[in-house]
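Shown next, in structure tokens, is the structure this report addresses.
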Amino acid sequence: MKKKKIYANLVNIEQQTIHPSCIEIENRKIIKIYRVDECFDSYILCGFIDAHIHIESSMMPPSEFARVALTHGTIGAVTDPHEIANVLGIEGIEFMIESGKKVPFYFSNGLPSCVPATSFETAGAEIGIKESEQLLPRDEITHLSEVMNIPAVLNNDPEIFAKIALAKKHHKPIDGHAPLLRGEELTQYINSGITTDHEAISYDEAKEKIEKGMKIQIREGSSAKSFEALYPLIDEYPNSCMFCSDDLHPNDLITGHINLLVKRAIQKGMNLWNVLRCASINPKNHYNLELGTLNIGDWADFIEVDNLNDFNVLKTYIKGEIVASNRESLIPFQREQSINNFQAKTISSVQLQVKNHNRDIRVIKAMDGELITKELWETPRVKNGLIVSDTTRDILKIVVINRYTKEAQISIDFIEGFGFKQGAIASSIAHDSHNIIAVGVSDTELTEAINLLIENSGGITAIYAKNKEILPLEIAGLMSQKEGKEIANIYSKLDNIVKEKMGSTLKAPYMTLSFMALLVIPELKLSDKGLFDGRAFHFVSRYRGEG
């Protein structure tokens, strides 16, 4: 590789200086940096890192995720392949690693710690001690991903502690997942060796976690958003904060990534150097990433932006090569193979009927922009002896079906918050086991939405006014084989249908739906095995007085 010289205003985070400079690159590494007496309109700075993300939520495989993320100045991501691991186990993790190797991008792959997330749902695979011993020593596995089974940690469960011990043995960080955990239980959780948390939703919660030794990943995803509550911590604890998206749907990823959080933080008045540290240096140091940070001898990894207020990314460099320019990827598209685990058979609307017991029913209350839900008690709407959806009160039927067996029990309850006036939607993205999940106004529309998904072995669907729409997700029922922009366009079309045709007021209805089966987040969720109380951590009845 020939020697290169790149001129711009150099933003040095460690020295907190900005100088017109020349960067000399040879053999893909920085060999010299020196000041020059010229004026430049652009700025060179460290590339951004997403400190915690499930790539699968973008509905793109790693190779395509990277092509899009690089256009926004993201050069690395700390990933948790938890979603595909729940579907395909080690085969799924291997797929993610190999896909990531096809592109110039720094993927920090975690080992999912809780597959399945709980014993109260059906997953397609298991990552136990044997699998952990096989994977954790590998260089491609950089950390133990979010330990979400809090009761297992607090009750000294032998299996989770064996995985934690393995991570410590191989000197790999251990990520946390501790929504609303405070006080002595939080102390016990941290003392097990867990080092990060991305679930804090209030300033006080996050501050307590930092002061007890945790690093806080300030999350702003498609559904869960904590930036507004947590951004003051950037200046108060600049060495203990990072940015992450956790789950980012394709239409949001196409628009922007960590660069948008950097811009927002600056607009909020946060110190430039603290913000840039959170976006790059802190995750690099915590996860021991090998990417360059504009030092002599580093890989020539950096980004060029137009100014330090808007952070519009002009170019992204990986190892001295321009991989994205003016929001266009310069990396060739990689069409990934289809791998899957999908056995469910089509259903009839009769299977979705719910008999009336002449009692109030438990209703899940979906919270816009939150993963947590509330438990409500409501008098159901009854028609011909059956409990049905009630659009006047926004109480709709929600369904979860095990996708891993041909003849599966169908789990049904009711939910408030989606606001549909007509239609139904279904998805094979349902954290964490990724069974089929659907919500809708009528049994007929629900059945159509579910069966369209089953016929395609995964995807997201919308049924409204006799119209049928689907984004097929050929890869594990989680990711598409299409290019990122096409995925985003189809997803945006479906999202608009749900909002404009069906009447939903949720910011991200498909993302919200995908978390309604996430049992480790309180209060009330639905798995393929039944209605689950995430506070008491056990199943409960739909009907008042029946447990």
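Residues in the structure tokens are named by chain (A, B, ... in the order shown) and by number from 1 within that chain; ligands are numbered from 1 in the order shown.
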
*Extract, using only C-alpha atoms, all DNA, RNA and protein residues at most 9 Å from segment 487-491 of chain A, discarding same-chain residues fewer than 5 positions from it, and format them as a PyMOL selection string.*
chain A and resi 58-60+249-254+460+470-471+480-482+496

Kindly export the residues of the current selection with N, CA and C atoms, as an mmCIF file, in the first residue's frame.
```
data_model
loop_
_atom_site.group_PDB
_atom_site.id
_atom_site.type_symbol
_atom_site.label_atom_id
_atom_site.label_comp_id
_atom_site.auth_asym_id
_atom_site.auth_seq_id
_atom_site.Cartn_x
_atom_site.Cartn_y
_atom_site.Cartn_z
ATOM 1 N N SER A 58 -31.610 -4.844 13.405
ATOM 2 C CA SER A 58 -31.588 -4.029 12.195
ATOM 3 C C SER A 58 -32.186 -4.770 11.006
ATOM 4 N N MET A 59 -32.468 -6.064 11.222
ATOM 5 C CA MET A 59 -32.982 -6.952 10.171
ATOM 6 C C MET A 59 -31.976 -7.131 9.047
ATOM 7 N N MET A 60 -30.718 -6.792 9.327
ATOM 8 C CA MET A 60 -29.616 -6.964 8.384
ATOM 9 C C MET A 60 -28.579 -7.885 9.003
ATOM 10 N N HIS A 249 -34.035 -0.523 14.544
ATOM 11 C CA HIS A 249 -34.718 -1.023 13.356
ATOM 12 C C HIS A 249 -34.137 -0.398 12.084
ATOM 13 N N PRO A 250 -34.360 -1.043 10.929
ATOM 14 C CA PRO A 250 -33.659 -0.625 9.709
ATOM 15 C C PRO A 250 -33.918 0.809 9.282
ATOM 16 N N ASN A 251 -35.156 1.291 9.425
ATOM 17 C CA ASN A 251 -35.435 2.669 9.004
ATOM 18 C C ASN A 251 -34.697 3.680 9.865
ATOM 19 N N ASP A 252 -34.466 3.358 11.136
ATOM 20 C CA ASP A 252 -33.694 4.252 12.001
ATOM 21 C C ASP A 252 -32.204 4.175 11.701
ATOM 22 N N LEU A 253 -31.698 2.977 11.434
ATOM 23 C CA LEU A 253 -30.272 2.830 11.125
ATOM 24 C C LEU A 253 -29.913 3.561 9.835
ATOM 25 N N ILE A 254 -30.780 3.533 8.859
ATOM 26 C CA ILE A 254 -30.520 4.239 7.601
ATOM 27 C C ILE A 254 -30.390 5.744 7.846
ATOM 28 N N ILE A 460 -42.085 -9.965 9.115
ATOM 29 C CA ILE A 460 -43.066 -9.117 9.784
ATOM 30 C C ILE A 460 -44.186 -8.864 8.787
ATOM 31 N N ILE A 470 -45.812 -8.033 3.672
ATOM 32 C CA ILE A 470 -44.797 -8.770 4.438
ATOM 33 C C ILE A 470 -43.397 -8.326 4.053
ATOM 34 N N LEU A 471 -42.515 -8.287 5.059
ATOM 35 C CA LEU A 471 -41.069 -8.215 4.846
ATOM 36 C C LEU A 471 -40.531 -9.586 5.251
ATOM 37 N N SER A 480 -32.997 -10.098 6.835
ATOM 38 C CA SER A 480 -33.327 -10.207 5.420
ATOM 39 C C SER A 480 -32.065 -10.390 4.584
ATOM 40 N N GLN A 481 -32.246 -10.978 3.410
ATOM 41 C CA GLN A 481 -31.139 -11.125 2.464
ATOM 42 C C GLN A 481 -31.005 -9.925 1.531
ATOM 43 N N LYS A 482 -31.869 -8.937 1.690
ATOM 44 C CA LYS A 482 -31.864 -7.781 0.798
ATOM 45 C C LYS A 482 -30.824 -6.740 1.236
ATOM 46 N N ASN A 496 -45.587 2.597 8.410
ATOM 47 C CA ASN A 496 -46.581 3.628 8.068
ATOM 48 C C ASN A 496 -47.984 3.047 7.977
#
```

*Compile the contact shell of segment 136-140 of chain A as a PyMOL selection string: residues with an atom at most 10 Å away, counting only C-alpha atoms, same-chain residues fewer than 5 positions apart removed.*
chain A and resi 94+97-98+101+107-111+131+163+166-167+169-172

Pull C-alpha atoms from the residues just selected and write them as a compact mmCIF listing (two decimals), in the first residue's frame.
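Saved the output as part33.txt:
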```
# COMPACT_ATOMS: atom_id res chain seq x y z
CA GLU A 94 -20.85 -18.77 13.78
CA ILE A 97 -18.94 -14.06 13.12
CA GLU A 98 -18.34 -15.18 9.54
CA LYS A 101 -15.47 -11.01 8.66
CA PHE A 107 -17.26 -6.42 15.36
CA SER A 108 -16.79 -7.27 19.02
CA ASN A 109 -18.80 -10.48 19.34
CA GLY A 110 -20.21 -11.47 22.71
CA LEU A 111 -21.14 -14.90 24.01
CA GLU A 131 -21.00 -24.50 24.56
CA LYS A 163 -20.22 -18.87 32.81
CA LEU A 166 -15.20 -18.76 32.50
CA ALA A 167 -15.29 -15.12 31.37
CA LYS A 169 -10.66 -16.96 33.46
CA HIS A 170 -10.24 -15.70 29.91
CA HIS A 171 -10.06 -12.03 31.02
CA LYS A 172 -13.19 -11.00 29.15
```

*Between A:Gly458, A:Pro62, A:Pro116, A:Pro232, which has the minimum distance to Val103 of chain A (counting only C-alpha atoms)?*
A:Pro62

*What gap, in Å, lies between atom CA of Leu70 of chain A and atom CA of Glu304 of chain A?*
11.7 Å

Closest atom pairs, residues of segment 392-481 of chain A within 9 Å of segment 535-545 of chain A, only C-alpha atoms, as a tab-separated table:
```
residue	atom	partner	partner_atom	distance
A:Ile412	CA	A:Arg542	CA	8.9
A:Asp413	CA	A:Arg542	CA	6.9
A:Phe414	CA	A:Arg542	CA	8.8
```

*asked:* Can you tell me which residues surround His82 of chain A at a distance of at most 10 Å, considering only C-alpha atoms, apart from same-chain residues fewer than 2 positions away, and format the answer as a ChimeraX atom specification?
replied: /A:53-56,79-80,84-87,89,92-93,110-117,127,145-146,431-433

*Check the DSSP output for the backbone and give back, as a ChimeraX atom specification, the residues of segment 22-177 of chain A in helix (DSSP H, G or I).*
/A:55-58,62-70,82-88,90-100,129-135,150-154,158-169

Restricted to C-alpha atoms, what would the selected residues look like written as a PDB file, in the first residue's frame?
```
ATOM      1  CA  ILE A  55     -27.302  -6.589  15.068  1.00  0.00           C
ATOM      2  CA  GLU A  56     -30.316  -8.761  14.303  1.00  0.00           C
ATOM      3  CA  SER A  57     -32.687  -5.950  15.297  1.00  0.00           C
ATOM      4  CA  SER A  58     -31.588  -4.029  12.195  1.00  0.00           C
ATOM      5  CA  PRO A  62     -23.528  -8.137  10.054  1.00  0.00           C
ATOM      6  CA  SER A  63     -22.043  -7.600   6.594  1.00  0.00           C
ATOM      7  CA  GLU A  64     -24.948  -5.366   5.565  1.00  0.00           C
ATOM      8  CA  PHE A  65     -25.248  -3.659   8.959  1.00  0.00           C
ATOM      9  CA  ALA A  66     -21.607  -2.608   8.606  1.00  0.00           C
ATOM     10  CA  ARG A  67     -22.142  -1.161   5.137  1.00  0.00           C
ATOM     11  CA  VAL A  68     -24.873   1.104   6.510  1.00  0.00           C
ATOM     12  CA  ALA A  69     -23.288   1.953   9.875  1.00  0.00           C
ATOM     13  CA  LEU A  70     -20.013   3.008   8.260  1.00  0.00           C
ATOM     14  CA  HIS A  82     -28.352 -13.389  21.558  1.00  0.00           C
ATOM     15  CA  GLU A  83     -31.251 -13.304  19.104  1.00  0.00           C
ATOM     16  CA  ILE A  84     -29.901 -15.734  16.529  1.00  0.00           C
ATOM     17  CA  ALA A  85     -28.391 -17.873  19.291  1.00  0.00           C
ATOM     18  CA  ASN A  86     -31.897 -18.432  20.675  1.00  0.00           C
ATOM     19  CA  VAL A  87     -32.961 -19.651  17.243  1.00  0.00           C
ATOM     20  CA  LEU A  88     -29.925 -21.613  16.042  1.00  0.00           C
ATOM     21  CA  ILE A  90     -23.732 -22.138  17.970  1.00  0.00           C
ATOM     22  CA  GLU A  91     -24.602 -22.296  14.260  1.00  0.00           C
ATOM     23  CA  GLY A  92     -26.201 -18.873  14.556  1.00  0.00           C
ATOM     24  CA  ILE A  93     -23.233 -17.360  16.410  1.00  0.00           C
ATOM     25  CA  GLU A  94     -20.850 -18.766  13.780  1.00  0.00           C
ATOM     26  CA  PHE A  95     -22.987 -17.211  11.056  1.00  0.00           C
ATOM     27  CA  MET A  96     -22.710 -13.776  12.674  1.00  0.00           C
ATOM     28  CA  ILE A  97     -18.942 -14.056  13.120  1.00  0.00           C
ATOM     29  CA  GLU A  98     -18.341 -15.177   9.536  1.00  0.00           C
ATOM     30  CA  SER A  99     -20.671 -12.549   8.078  1.00  0.00           C
ATOM     31  CA  GLY A 100     -18.812  -9.843  10.004  1.00  0.00           C
ATOM     32  CA  ILE A 129     -21.628 -24.657  30.017  1.00  0.00           C
ATOM     33  CA  LYS A 130     -20.331 -27.006  27.322  1.00  0.00           C
ATOM     34  CA  GLU A 131     -21.002 -24.498  24.558  1.00  0.00           C
ATOM     35  CA  SER A 132     -19.568 -21.658  26.652  1.00  0.00           C
ATOM     36  CA  GLU A 133     -16.349 -23.589  27.251  1.00  0.00           C
ATOM     37  CA  GLN A 134     -16.099 -24.092  23.505  1.00  0.00           C
ATOM     38  CA  LEU A 135     -16.705 -20.466  22.523  1.00  0.00           C
ATOM     39  CA  ILE A 150     -31.132 -11.509  37.611  1.00  0.00           C
ATOM     40  CA  PRO A 151     -32.781 -14.075  39.936  1.00  0.00           C
ATOM     41  CA  ALA A 152     -30.147 -16.613  38.897  1.00  0.00           C
ATOM     42  CA  VAL A 153     -27.375 -14.206  39.914  1.00  0.00           C
ATOM     43  CA  LEU A 154     -29.015 -13.217  43.180  1.00  0.00           C
ATOM     44  CA  PRO A 158     -24.367 -22.645  39.570  1.00  0.00           C
ATOM     45  CA  GLU A 159     -24.710 -22.431  35.770  1.00  0.00           C
ATOM     46  CA  ILE A 160     -24.656 -18.650  35.453  1.00  0.00           C
ATOM     47  CA  PHE A 161     -21.756 -18.414  37.901  1.00  0.00           C
ATOM     48  CA  ALA A 162     -19.860 -21.054  35.926  1.00  0.00           C
ATOM     49  CA  LYS A 163     -20.219 -18.867  32.814  1.00  0.00           C
ATOM     50  CA  ILE A 164     -19.095 -15.793  34.764  1.00  0.00           C
ATOM     51  CA  ALA A 165     -16.092 -17.734  36.054  1.00  0.00           C
ATOM     52  CA  LEU A 166     -15.199 -18.760  32.499  1.00  0.00           C
ATOM     53  CA  ALA A 167     -15.285 -15.119  31.366  1.00  0.00           C
ATOM     54  CA  LYS A 168     -13.035 -14.109  34.245  1.00  0.00           C
ATOM     55  CA  LYS A 169     -10.655 -16.959  33.459  1.00  0.00           C
TER      56      LYS A 169
END
```

*Nearest-residue call for Gln422 of chain A, choices A:Val313, A:Ile463, A:Ile296, A:Ile303, using only C-alpha atoms*: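 Going through A:Val313, A:Ile463, A:Ile296, A:Ile303 one by one, the smallest distance to Gln422 of chain A is for A:Ile463.
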
Selection near Cys244 of chain A, 9 Å with only C-alpha atoms, sequence-local residues under 6 positions removed, as a PDB file with C-alpha atoms, in the first residue's frame:
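selection_35.pdb was written with the following content:
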```pdb
ATOM      1  CA  ILE A  49     -18.511   2.669  18.499  1.00  0.00           C
ATOM      2  CA  ASP A  50     -21.903   1.286  19.485  1.00  0.00           C
ATOM      3  CA  ALA A  51     -21.208  -0.134  22.939  1.00  0.00           C
ATOM      4  CA  HIS A  52     -24.080  -2.628  22.928  1.00  0.00           C
ATOM      5  CA  ILE A  53     -26.261  -3.761  20.051  1.00  0.00           C
ATOM      6  CA  ALA A  77     -19.955  -2.388  17.456  1.00  0.00           C
ATOM      7  CA  VAL A  78     -20.021  -4.424  20.654  1.00  0.00           C
ATOM      8  CA  HIS A 198     -27.731  -0.467  29.450  1.00  0.00           C
ATOM      9  CA  GLN A 217     -24.326   2.499  28.292  1.00  0.00           C
ATOM     10  CA  ILE A 218     -26.669   5.373  27.469  1.00  0.00           C
ATOM     11  CA  ARG A 219     -29.235   3.718  25.244  1.00  0.00           C
ATOM     12  CA  GLU A 220     -31.190   5.279  22.431  1.00  0.00           C
ATOM     13  CA  GLY A 221     -32.773   2.602  20.273  1.00  0.00           C
ATOM     14  CA  ILE A 258     -24.076   7.027  17.177  1.00  0.00           C
ATOM     15  CA  ALA A 279     -18.560   7.638  21.648  1.00  0.00           C
TER      16      ALA A 279
END
```

*Give me the residues within 10 Å of segment 350-365 of chain A as a ChimeraX atom specification, counting only C-alpha atoms and dropping any in the same chain fewer than 6 places off.*
/A:372-388,395-399,409-418,442-444,446-447,516,523-526,531,540-546

Write the residues you've just listed into a file as a short mmCIF file (atom, residue, chain, number, x, y, z; two decimals), in the first residue's frame, and include N, CA and C atoms for each of them.
```
data_model
loop_
_atom_site.label_atom_id
_atom_site.label_comp_id
_atom_site.auth_asym_id
_atom_site.auth_seq_id
_atom_site.Cartn_x
_atom_site.Cartn_y
_atom_site.Cartn_z
N ILE A 372 -40.43 -1.90 29.69
CA ILE A 372 -41.28 -2.32 30.80
C ILE A 372 -42.75 -2.19 30.41
N THR A 373 -43.59 -2.98 31.06
CA THR A 373 -45.03 -2.89 30.86
C THR A 373 -45.69 -2.73 32.23
N LYS A 374 -46.99 -2.47 32.22
CA LYS A 374 -47.77 -2.41 33.45
C LYS A 374 -48.85 -3.49 33.41
N GLU A 375 -49.28 -3.90 34.56
CA GLU A 375 -50.37 -4.86 34.68
C GLU A 375 -51.67 -4.11 34.97
N LEU A 376 -52.68 -4.36 34.15
CA LEU A 376 -54.00 -3.76 34.35
C LEU A 376 -55.03 -4.86 34.57
N TRP A 377 -56.12 -4.49 35.26
CA TRP A 377 -57.27 -5.38 35.36
C TRP A 377 -58.45 -4.69 34.68
N GLU A 378 -59.07 -5.39 33.74
CA GLU A 378 -60.16 -4.80 32.96
C GLU A 378 -61.33 -5.78 32.84
N THR A 379 -62.51 -5.22 32.71
CA THR A 379 -63.69 -6.03 32.37
C THR A 379 -63.68 -6.27 30.87
N PRO A 380 -63.68 -7.52 30.42
CA PRO A 380 -63.54 -7.78 28.99
C PRO A 380 -64.80 -7.49 28.19
N ARG A 381 -64.60 -7.26 26.92
CA ARG A 381 -65.72 -7.20 25.98
C ARG A 381 -66.05 -8.62 25.56
N VAL A 382 -67.34 -9.01 25.67
CA VAL A 382 -67.75 -10.38 25.39
C VAL A 382 -68.75 -10.39 24.24
N LYS A 383 -68.56 -11.32 23.30
CA LYS A 383 -69.47 -11.49 22.17
C LYS A 383 -69.66 -12.98 21.93
N ASN A 384 -70.91 -13.41 22.01
CA ASN A 384 -71.26 -14.83 21.81
C ASN A 384 -70.47 -15.74 22.75
N GLY A 385 -70.31 -15.29 24.00
CA GLY A 385 -69.63 -16.09 25.00
C GLY A 385 -68.12 -16.10 24.89
N LEU A 386 -67.56 -15.27 23.98
CA LEU A 386 -66.12 -15.22 23.78
C LEU A 386 -65.59 -13.83 24.09
N ILE A 387 -64.40 -13.77 24.69
CA ILE A 387 -63.75 -12.47 24.92
C ILE A 387 -63.09 -12.04 23.62
N VAL A 388 -63.39 -10.80 23.21
CA VAL A 388 -62.87 -10.29 21.93
C VAL A 388 -62.19 -8.94 22.14
N ILE A 395 -58.20 -2.34 23.87
CA ILE A 395 -57.82 -3.63 24.47
C ILE A 395 -57.88 -4.67 23.35
N LEU A 396 -56.71 -5.07 22.87
CA LEU A 396 -56.61 -5.94 21.71
C LEU A 396 -56.05 -7.31 22.09
N LYS A 397 -56.36 -8.29 21.28
CA LYS A 397 -55.85 -9.64 21.53
C LYS A 397 -54.39 -9.73 21.09
N ILE A 398 -53.57 -10.38 21.93
CA ILE A 398 -52.17 -10.61 21.62
C ILE A 398 -51.92 -12.11 21.69
N VAL A 399 -51.13 -12.62 20.77
CA VAL A 399 -50.93 -14.06 20.59
C VAL A 399 -49.44 -14.36 20.49
N GLN A 409 -48.99 -25.31 21.41
CA GLN A 409 -50.04 -24.62 22.15
C GLN A 409 -49.96 -23.12 21.85
N ILE A 410 -51.12 -22.51 21.70
CA ILE A 410 -51.18 -21.08 21.40
C ILE A 410 -51.47 -20.32 22.69
N SER A 411 -50.64 -19.33 22.96
CA SER A 411 -50.79 -18.53 24.17
C SER A 411 -51.45 -17.19 23.81
N ILE A 412 -52.48 -16.82 24.57
CA ILE A 412 -53.28 -15.64 24.22
C ILE A 412 -53.53 -14.78 25.46
N ASP A 413 -53.47 -13.48 25.29
CA ASP A 413 -53.92 -12.55 26.32
C ASP A 413 -54.41 -11.28 25.61
N PHE A 414 -54.48 -10.18 26.37
CA PHE A 414 -54.96 -8.91 25.83
C PHE A 414 -54.00 -7.80 26.22
N ILE A 415 -53.94 -6.77 25.37
CA ILE A 415 -52.95 -5.73 25.55
C ILE A 415 -53.55 -4.36 25.24
N GLU A 416 -53.11 -3.37 26.00
CA GLU A 416 -53.52 -1.98 25.77
C GLU A 416 -52.30 -1.18 25.32
N GLY A 417 -52.50 -0.26 24.36
CA GLY A 417 -51.41 0.62 23.97
C GLY A 417 -51.12 0.66 22.49
N PHE A 418 -51.62 -0.33 21.74
CA PHE A 418 -51.33 -0.35 20.30
C PHE A 418 -52.28 0.53 19.50
N SER A 442 -59.22 -8.46 15.15
CA SER A 442 -60.15 -9.58 14.99
C SER A 442 -59.37 -10.89 14.83
N ASP A 443 -60.04 -12.00 15.16
CA ASP A 443 -59.40 -13.30 15.02
C ASP A 443 -59.09 -13.60 13.56
N THR A 444 -59.96 -13.17 12.65
CA THR A 444 -59.73 -13.41 11.23
C THR A 444 -58.46 -12.72 10.75
N LEU A 446 -55.97 -11.57 12.65
CA LEU A 446 -54.83 -12.16 13.35
C LEU A 446 -54.38 -13.45 12.68
N THR A 447 -55.33 -14.29 12.33
CA THR A 447 -55.00 -15.56 11.68
C THR A 447 -54.30 -15.32 10.35
N MET A 516 -42.90 -7.68 23.84
CA MET A 516 -44.01 -8.11 24.68
C MET A 516 -43.90 -9.57 25.12
N GLU A 523 -43.58 -5.46 33.79
CA GLU A 523 -44.24 -6.25 34.81
C GLU A 523 -44.86 -7.53 34.23
N LEU A 524 -45.62 -7.38 33.15
CA LEU A 524 -46.40 -8.49 32.61
C LEU A 524 -46.02 -8.72 31.16
N LYS A 525 -45.72 -9.98 30.81
CA LYS A 525 -45.38 -10.35 29.44
C LYS A 525 -46.06 -11.68 29.08
N LEU A 526 -45.98 -12.03 27.81
CA LEU A 526 -46.62 -13.26 27.31
C LEU A 526 -45.60 -14.12 26.60
N LEU A 531 -49.04 -16.46 30.33
CA LEU A 531 -48.90 -15.09 30.85
C LEU A 531 -47.94 -15.10 32.02
N VAL A 540 -48.97 -16.49 35.64
CA VAL A 540 -50.20 -16.07 36.31
C VAL A 540 -51.38 -16.33 35.38
N SER A 541 -52.56 -16.37 35.96
CA SER A 541 -53.76 -16.61 35.17
C SER A 541 -54.24 -15.32 34.51
N ARG A 542 -54.94 -15.49 33.40
CA ARG A 542 -55.57 -14.35 32.74
C ARG A 542 -56.70 -13.79 33.57
N TYR A 543 -57.35 -14.64 34.37
CA TYR A 543 -58.59 -14.26 35.04
C TYR A 543 -58.36 -13.94 36.51
N ARG A 544 -59.07 -12.91 36.99
CA ARG A 544 -58.99 -12.53 38.40
C ARG A 544 -59.49 -13.68 39.27
N GLY A 545 -58.74 -13.92 40.34
CA GLY A 545 -59.14 -14.95 41.29
C GLY A 545 -58.68 -16.34 40.93
N GLU A 546 -57.91 -16.47 39.84
CA GLU A 546 -57.45 -17.80 39.44
C GLU A 546 -55.92 -17.92 39.51
#
```

_For a test of reading the model, state the distance in Å between atom CA of Trp299 of chain A and atom CA of Met214 of chain A, rounded to one decimal._
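Going from atom CA of Trp299 of chain A over to atom CA of Met214 of chain A, I get 29.2 Å.
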
*Would you mind reading off the distance between atom CA of Lys421 of chain A and atom CA of Gly534 of chain A, one decimal, in Å?*
29.1 Å

*asked:* Let's see if you can do this: from backbone DSSP, list all strand (DSSP E or B) residues in segment 14-176 of chain A, as a VMD selection string.
replied: chain A and resid 17 to 26 29 to 35 43 to 45 48 to 53 74 to 79 106 to 111 115 127 141 to 147 174 to 176

_Just want the 12 Å neighbourhood of Leu276 of chain A, counted on only C-alpha atoms, with same-chain residues fewer than 5 positions away dropped. Output as an MDAnalysis selection string._
chainID A and resid 11:14 16 45:49 234:235 238:239 241:243 258:259 261:266 270:271 281:284 293 308:309 311

*Nearest to Leu10 of chain A: which of A:Asn274, A:Asn295, A:Ser202, A:Asn285 is it, counting only C-alpha atoms?*
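When distances to Leu10 of chain A are compared using only C-alpha atoms, the smallest one comes from A:Asn295.
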
*Tell me which of A:Gln343, A:Ser240, A:Thr392, A:Ser457 sits closest to Lys406 of chain A, counting only C-alpha atoms.*
A:Gln343

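Nearest residue to His257 of chain A among A:Asn467, A:Thr74, A:Pro61, A:Glu205 is A:Thr74, counting only C-alpha atoms.
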
*Do you know which residues are at most 12 Å from Lys345 of chain A counting only C-alpha atoms, after dropping those on the same chain fewer than 6 positions away, and could you put them as a ChimeraX atom specification?*
/A:401-410,436,447,450-458

Those same residues - C-alpha atoms - I'd like them written as an mmCIF file, in the first residue's frame.
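And here's part26.cif as it stands now:
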```cif
data_model
loop_
_atom_site.group_PDB
_atom_site.id
_atom_site.type_symbol
_atom_site.label_atom_id
_atom_site.label_comp_id
_atom_site.auth_asym_id
_atom_site.auth_seq_id
_atom_site.Cartn_x
_atom_site.Cartn_y
_atom_site.Cartn_z
ATOM 1 C CA ILE A 401 -47.044 -19.277 19.176
ATOM 2 C CA ASN A 402 -44.064 -21.604 19.496
ATOM 3 C CA ARG A 403 -42.362 -21.603 16.084
ATOM 4 C CA TYR A 404 -40.101 -24.576 16.808
ATOM 5 C CA THR A 405 -42.750 -27.331 16.776
ATOM 6 C CA LYS A 406 -45.451 -28.200 14.248
ATOM 7 C CA GLU A 407 -48.244 -28.642 16.783
ATOM 8 C CA ALA A 408 -47.817 -25.976 19.429
ATOM 9 C CA GLN A 409 -50.039 -24.617 22.150
ATOM 10 C CA ILE A 410 -51.181 -21.082 21.399
ATOM 11 C CA ILE A 436 -44.368 -15.887 16.587
ATOM 12 C CA THR A 447 -55.003 -15.562 11.678
ATOM 13 C CA ILE A 450 -49.847 -15.198 11.495
ATOM 14 C CA ASN A 451 -50.324 -17.566 8.567
ATOM 15 C CA LEU A 452 -48.666 -15.181 6.095
ATOM 16 C CA LEU A 453 -45.658 -15.141 8.394
ATOM 17 C CA ILE A 454 -45.656 -18.948 8.766
ATOM 18 C CA GLU A 455 -45.917 -19.467 5.005
ATOM 19 C CA ASN A 456 -42.727 -17.395 4.611
ATOM 20 C CA SER A 457 -40.915 -19.064 7.547
ATOM 21 C CA GLY A 458 -40.490 -15.729 9.258
#
```
